[in-house]
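Notes for the one structure printed next.
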Amino acid sequence: WEEEGVEDARIVVVAYGVMARISRAAVRLARQAGIRAGLLRPITLWPFPSRAVAALAERARAFLAVEMSLGQMVQDVRLAVDGRRPVHFFGKAGGVVPTPREVFERIRELAESLGGQARLRAVSP
């Protein structure tokens, strides 16, 4: 796995494959907006990097599994988090690829629902 921006992340996005590239751009948009988001990208799904996710659950406040499916990986994330933090899902099936802006909007919604987030800054498209 690889990590980006997880050191101080309140929201950790977990994504692999093409969705990881889209999520990386979305996390960078979130950072520009003042949201402390990070990315964990599994390089392989078997074995799933459960220990890495579990370690992040010690300091992150929420997780967002981003998939181009109906949510198969989200179950692995939930198992690794073991109920210590909420795990949310954003996915599109049928070959529909979301934009970084769509993933960013979901991150923004999560940040707002967590409360205590600094005022969000506007982000250009």
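FYI, nothing fancy with the structure tokens labels: chains A, B, ... in order, residues from 1 per chain, ligands from 1 as they appear.
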
From a DSSP calculation on the backbone, collect every residue of chain A in strand (DSSP E or B) and output the set as a ChimeraX atom specification.
-> /A:2-4,11-15,37-41,62-67,87-91

Write out the residues from the selection above, keeping C-alpha atoms, as a short mmCIF file (atom, residue, chain, number, x, y, z; two decimals), in the first residue's frame.
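Saved file out19.cif follows:
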data_model
loop_
_atom_site.label_atom_id
_atom_site.label_comp_id
_atom_site.auth_asym_id
_atom_site.auth_seq_id
_atom_site.Cartn_x
_atom_site.Cartn_y
_atom_site.Cartn_z
CA GLU A 2 0.95 3.61 -0.20
CA GLU A 3 -0.22 6.58 1.83
CA GLU A 4 -0.52 10.25 1.06
CA ILE A 11 -10.84 11.63 6.75
CA VAL A 12 -8.97 8.80 5.08
CA VAL A 13 -10.00 7.82 1.57
CA VAL A 14 -9.27 4.21 0.67
CA ALA A 15 -9.17 3.52 -3.06
CA ALA A 37 -7.97 14.36 4.13
CA GLY A 38 -5.55 11.62 3.19
CA LEU A 39 -5.36 8.62 0.87
CA LEU A 40 -4.52 5.00 1.52
CA ARG A 41 -4.05 3.13 -1.77
CA ALA A 62 -13.81 8.65 9.38
CA PHE A 63 -13.06 6.57 6.31
CA LEU A 64 -14.39 6.80 2.78
CA ALA A 65 -14.06 3.74 0.55
CA VAL A 66 -14.15 4.83 -3.09
CA GLU A 67 -14.78 2.11 -5.65
CA VAL A 87 -16.76 3.87 7.22
CA HIS A 88 -18.64 5.46 4.32
CA PHE A 89 -18.92 4.32 0.73
CA PHE A 90 -18.85 6.17 -2.58
CA GLY A 91 -19.12 4.07 -5.68
#

Residue contacts of A:Arg108 (9 Å, only C-alpha atoms) excluding same-chain residues fewer than 5 positions away, as a PyMOL selection string | chain A and resi 30+33+35+103+113+120

Run DSSP on the backbone and give me the residues of chain A it puts in alpha helix (DSSP H), as number ranges by chain.
-> A: 18-32, 50-56, 72-81, 100-114

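Residue nearest A:Val81 within the list A:Glu102, A:Pro49, A:Gly115, A:Ala9: A:Pro49 [criterion: smallest interatomic distance, only C-alpha atoms].
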
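Using only C-alpha atoms for every distance, the candidate list A:Met73, A:Ala52, A:Met68, A:Ile107 yields A:Ile107 as the residue closest to A:Ala25.
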
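Atom CA of A:Leu70 to atom CA of A:Gly95 spans 11.2 Å [interatomic distance, one decimal].
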
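Interatomic distance, atom CA of A:Phe104 against atom CA of A:Gln32: 10.7 Å.
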
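Here the question is which of A:Val96, A:Leu114, A:Val6, A:Leu56 gets nearest to A:Val77 using only C-alpha atoms, and that residue is A:Leu56.
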
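Each of A:Gly34, A:Arg28, A:Ser69, A:Trp1 was checked against A:Val97 using only C-alpha atoms; the smallest atom-to-atom distance is that of A:Ser69.
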
Compare A:Arg51, A:Lys92, A:Arg24, A:Arg61 by their minimum atom-to-atom distance to A:Leu110, counting only C-alpha atoms, and give me the closest one.
-> A:Arg61

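Restricting the calculation to only C-alpha atoms, the smallest distance between A:Pro86 and any of A:Leu29, A:Pro100, A:Val18, A:Ala57 is found for A:Ala57.
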